[in-house]
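**Q** Sending over a structure as structure tokens; questions will come in a sec.
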Amino acid sequence: MPDRLRQPRPRSERGPATRRAAALVLGLAVLCAAHPAGADDHALTEVRVGVWVASVHSTNALDGSVGVKFYVWWITSDPEFRPFEVMQILNGRSWTTQGVYRRVLDDGRHYTAGFVDATINHRFDFRDYPFDRQRIAIVIETPFTVEEVQLVPDTAQSLISDFVKLSGYDVEPLQLGVVVQDYASQFGLGDEGTSQFSRLVIGIDLVRQSGRLLVTLSVGFIVANLIAFLMYFIDVSALAARTGMVTSAIFAAVGNMYLLTSELNPASGSVLVDRIAGGTFAHIIVALLSSMIVERAARVDTNRASRINYTVFAIVTVVLSLVYWYALRDATH
């Protein structure tokens with residue numbers, strides 16, 4: 001064979017198949033480096049969240065709102081997570097953030113923290129007033145689904161500050177938890193969306209200091225009932241004096257109603273207050289009617305009028321005692 005046929009081909013003369021194979025191998029290597037086996041474009045990010053409640057203020061039972069200021073921190077391995085830019089307080093009317101800062105912890109995780117001052121919608125429940133308990137809930141979500149962000153409560157470090165003092169209430173320890181909320185909507189994303197989101201719930205229990213408050217807020221009703229009871233010991237023929245005392249009882253009861261209206265939402269419906277108020281006004285009406293009846297009876301027979309008078313007194317005393325006792329029992333259990 002001639003020597004020219006035995007010489008190897010120059011590199012530039014090698015076939016295009018070799019070059020294509022090399023390019024394919026290089027491309028696969030780059031792709032594998034960018035997307036390791038088992039990697040997901042929407043990898044789950046775990047975020048630890050903790051809360052320190054600094055104050056509870058501006059409670060307004062009439063418009064159903066509570067002001068809460070709290071310090072919140074977020075810890076995650078994702079350097080791109082910006083919680084205060086995406087945080088949503090679902091039951092908040094408005095909120096502002098202050099003093100937000102970021103740092104990298106020794107273990108490489110990213111720490112973001114700041115103060116949040118929020119006005120929270122709260123439906124006050126006064127059915128057991130003044131022995132009621134108010135659960136203030138702050139509900140926080142991010143727009144990321146549970147497949148993207150999973151919130152984890154930092155319960156060990158979360159607490160209520162000693163600065164939290166609310167007149168008329170005892171503040172119980174903070175409760176912090178996470179639930180997965182399932183919505184009926186895909187929020188416009190269709191098949192690409194999901195209806196489940198990780199939700200942080202901050203619970204603050206306010207227990208009313210009810211001992212002295214019961215007497216203070218019911219003093220008008222107490223006075224009205226005492227006046228009405230004293231009326232039965234006035235001469236049965238003295239209609240003017242009796243009706244004068246009933247009028248005084250009406251003023252005392254109405255004044256007490258104005259006091260309670262300034263403290264409570266009238267639509268909230270305190271069982272104890274409603275029964276005391278209803279019993280007081282019913283007692284006043286009975287006292288007025290019985291005064292008119294015994295005064296007419298006294299024109300014919302004074303002894304008979306006195307028996308009617310004291311019989312009504314005894315019945316009213318027993319009935320009101322039972323009504324108030326059952327109302328107090330229902331409110332305290």
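Chain identifiers are assigned as A, B, and so on, following the order in which chains appear in the structure tokens; residues are numbered from 1 within each chain, and ligands are numbered from 1 in order of appearance.
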Can you list, as a VMD selection string, every residue of range 46-198 of chain A that DSSP puts in strand (DSSP E or B)?

**A** chain A and resid 46 to 60 65 to 76 88 to 89 92 to 104 110 to 121 133 to 145 149 to 153 159 to 160 169 to 171 175 to 182 196 to 198

**Q** Taking 3 positions as the minimum chain separation for residues in the same chain, which residues sit within 6 Å of Trp73 in chain A when counting only C-alpha atoms? Answer as a count of residues only.

**A** 4

**Q** In Å, rounded to a single decimal, give me how far CA of Tyr129 in chain A is from CA of Phe221 in chain A.

**A**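 Separation between CA of Phe221 in chain A and CA of Tyr129 in chain A: 15.6 Å.
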
**Q** Between range 194-266 of chain A and range 297-321 of chain A, at 7 Å or less, what are the per-residue closest atom pairs and their distances in Å? Count only C-alpha atoms, order by chain and rising residue number, and return it as CSV.

**A**
```
residue,atom,partner,partner_atom,distance
A:Tyr232,CA,A:Asn309,CA,6.5
A:Val236,CA,A:Ser306,CA,6.5
A:Ser237,CA,A:Ala298,CA,5.9
```

**Q** Could you tell me which of A:Pro153, A:Gly108, A:Gly92, A:Pro79 comes closest to Val66 in chain A if we count only C-alpha atoms?

**A**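 Nearest candidate to Val66 in chain A out of A:Pro153, A:Gly108, A:Gly92, A:Pro79: A:Gly92.
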
**Q** Counting only C-alpha atoms, which residue out of A:Leu105, A:Ala252, A:Val51, A:Ile276 sits closest to Gly203 in chain A?

**A**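 Closest to Gly203 in chain A, using only C-alpha atoms: A:Val51.
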
**Q** List as number ranges by chain the protein and nucleic acid residues near Asp205 in chain A, meaning an atom at most 7 Å away when only C-alpha atoms are counted, but skip any in the same chain fewer than 3 places from it.

**A** A: 133-136, 171-172

**Q** Quick one: write out the picked residues with C-alpha atoms as a PDB file, in the first residue's frame?

**A**
```pdb
ATOM      1  CA  ARG A 133     -62.453  35.772  77.489  1.00  0.00           C
ATOM      2  CA  GLN A 134     -61.331  37.393  74.238  1.00  0.00           C
ATOM      3  CA  ARG A 135     -59.103  35.399  71.850  1.00  0.00           C
ATOM      4  CA  ILE A 136     -57.176  37.860  69.666  1.00  0.00           C
ATOM      5  CA  VAL A 171     -53.025  38.530  79.441  1.00  0.00           C
ATOM      6  CA  GLU A 172     -52.339  34.798  79.178  1.00  0.00           C
TER       7      GLU A 172
END
```

**Q** Considering only C-alpha atoms, return as number ranges by chain whatever protein or nucleic-acid residues lie within 7 Å of Gly177 in chain A, sequence-local ones (same chain, fewer than 5 positions apart) excluded.

**A** A: 153, 200-202

**Q** Residues near Asp235 in chain A, anyone? I mean within 9 Å using only C-alpha atoms, not counting same-chain ones fewer than 6 positions away, as a list in words.

**A**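 Within the cut-off, the hits are Ala241, Arg242, Glu295 and Ser306 of chain A.
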
**Q** Residues as selected, C-alpha atoms, written as a short mmCIF file (atom, residue, chain, number, x, y, z; two decimals), in the first residue's frame, can you do that?

**A**
```cif
data_model
loop_
_atom_site.label_atom_id
_atom_site.label_comp_id
_atom_site.auth_asym_id
_atom_site.auth_seq_id
_atom_site.Cartn_x
_atom_site.Cartn_y
_atom_site.Cartn_z
CA ALA A 241 -94.98 58.57 96.85
CA ARG A 242 -94.89 55.13 95.29
CA GLU A 295 -104.11 52.04 95.95
CA SER A 306 -101.65 45.23 102.19
#
```

**Q** Residues of range 69-278 of chain A classed as helix (DSSP H, G or I) by DSSP on the backbone are to be reported as a ChimeraX atom specification.

**A** /A:83-86,190-192,211-217,219-231,239-263,271-278

**Q** From the set A:Val47, A:Val116, A:Val180, A:Thr76, which residue has the shortest atom-to-atom contact distance to Arg103 in chain A, counting only C-alpha atoms?

**A**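 Nearest candidate to Arg103 in chain A out of A:Val47, A:Val116, A:Val180, A:Thr76: A:Thr76.
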
**Q** Could you give me, as a VMD selection string, the residues within 10 Å of Val68 in chain A, counting only C-alpha atoms and dropping anything in the same chain fewer than 6 positions from it?

**A** chain A and resid 53 to 59 95 116 to 120 136 138 164 204

**Q** Write the residues of the selection above to a file with N, CA and C atoms, as a PDB file, in the first residue's frame.

**A**
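Generated output (part29.pdb):
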```pdb
ATOM      1  N   VAL A  53     -44.583  39.615  71.284  1.00  0.00           N
ATOM      2  CA  VAL A  53     -45.643  40.630  71.319  1.00  0.00           C
ATOM      3  C   VAL A  53     -45.227  41.742  72.271  1.00  0.00           C
ATOM      4  N   ALA A  54     -45.139  42.958  71.742  1.00  0.00           N
ATOM      5  CA  ALA A  54     -44.683  44.105  72.534  1.00  0.00           C
ATOM      6  C   ALA A  54     -45.817  44.847  73.205  1.00  0.00           C
ATOM      7  N   SER A  55     -46.991  44.921  72.556  1.00  0.00           N
ATOM      8  CA  SER A  55     -48.115  45.647  73.162  1.00  0.00           C
ATOM      9  C   SER A  55     -49.428  45.248  72.515  1.00  0.00           C
ATOM     10  N   VAL A  56     -50.493  45.331  73.311  1.00  0.00           N
ATOM     11  CA  VAL A  56     -51.861  45.196  72.835  1.00  0.00           C
ATOM     12  C   VAL A  56     -52.565  46.480  73.228  1.00  0.00           C
ATOM     13  N   HIS A  57     -53.071  47.201  72.240  1.00  0.00           N
ATOM     14  CA  HIS A  57     -53.582  48.544  72.516  1.00  0.00           C
ATOM     15  C   HIS A  57     -54.791  48.836  71.629  1.00  0.00           C
ATOM     16  N   SER A  58     -55.426  49.955  71.893  1.00  0.00           N
ATOM     17  CA  SER A  58     -56.521  50.464  71.045  1.00  0.00           C
ATOM     18  C   SER A  58     -57.647  49.455  70.860  1.00  0.00           C
ATOM     19  N   THR A  59     -58.035  48.766  71.935  1.00  0.00           N
ATOM     20  CA  THR A  59     -59.179  47.859  71.825  1.00  0.00           C
ATOM     21  C   THR A  59     -60.451  48.685  71.673  1.00  0.00           C
ATOM     22  N   TRP A  95     -51.436  47.615  58.446  1.00  0.00           N
ATOM     23  CA  TRP A  95     -50.240  47.327  59.217  1.00  0.00           C
ATOM     24  C   TRP A  95     -49.048  48.027  58.604  1.00  0.00           C
ATOM     25  N   VAL A 116     -43.883  44.929  63.615  1.00  0.00           N
ATOM     26  CA  VAL A 116     -45.120  45.101  62.856  1.00  0.00           C
ATOM     27  C   VAL A 116     -46.156  45.721  63.780  1.00  0.00           C
ATOM     28  N   ASP A 117     -46.734  46.845  63.364  1.00  0.00           N
ATOM     29  CA  ASP A 117     -47.818  47.485  64.120  1.00  0.00           C
ATOM     30  C   ASP A 117     -49.088  47.334  63.298  1.00  0.00           C
ATOM     31  N   ALA A 118     -50.040  46.545  63.814  1.00  0.00           N
ATOM     32  CA  ALA A 118     -51.217  46.178  63.025  1.00  0.00           C
ATOM     33  C   ALA A 118     -52.512  46.478  63.770  1.00  0.00           C
ATOM     34  N   THR A 119     -53.537  46.832  63.000  1.00  0.00           N
ATOM     35  CA  THR A 119     -54.899  46.930  63.509  1.00  0.00           C
ATOM     36  C   THR A 119     -55.653  45.704  63.026  1.00  0.00           C
ATOM     37  N   ILE A 120     -56.107  44.884  63.973  1.00  0.00           N
ATOM     38  CA  ILE A 120     -56.691  43.583  63.672  1.00  0.00           C
ATOM     39  C   ILE A 120     -58.211  43.635  63.827  1.00  0.00           C
ATOM     40  N   ILE A 136     -57.651  37.020  70.763  1.00  0.00           N
ATOM     41  CA  ILE A 136     -57.176  37.860  69.666  1.00  0.00           C
ATOM     42  C   ILE A 136     -56.301  36.997  68.757  1.00  0.00           C
ATOM     43  N   ILE A 138     -54.063  36.716  65.154  1.00  0.00           N
ATOM     44  CA  ILE A 138     -53.381  37.394  64.057  1.00  0.00           C
ATOM     45  C   ILE A 138     -53.002  36.324  63.044  1.00  0.00           C
ATOM     46  N   VAL A 164     -46.734  44.224  78.170  1.00  0.00           N
ATOM     47  CA  VAL A 164     -48.141  44.152  77.756  1.00  0.00           C
ATOM     48  C   VAL A 164     -49.029  44.217  78.996  1.00  0.00           C
ATOM     49  N   ILE A 204     -53.644  35.412  71.202  1.00  0.00           N
ATOM     50  CA  ILE A 204     -53.468  36.158  72.450  1.00  0.00           C
ATOM     51  C   ILE A 204     -54.792  36.111  73.206  1.00  0.00           C
TER      52      ILE A 204
END
```

**Q** Which one is closest to Gln196 in chain A: A:Trp325, A:Phe233, A:Tyr111, A:Phe144? Count only C-alpha atoms.

**A** A:Phe144

**Q** So, with only C-alpha atoms as the atoms that count, which of A:Val219, A:Ile160, A:Leu206, A:Val146 lies closest to Val72 in chain A?

**A**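 Of all the options, A:Ile160 lies closest to Val72 in chain A.
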
**Q** Between A:Lys165, A:Asp63, A:Leu226, A:Ser77, which has the minimum distance to Phe124 in chain A (counting only C-alpha atoms)?

**A**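 The answer is A:Asp63, which sits nearest to Phe124 in chain A.
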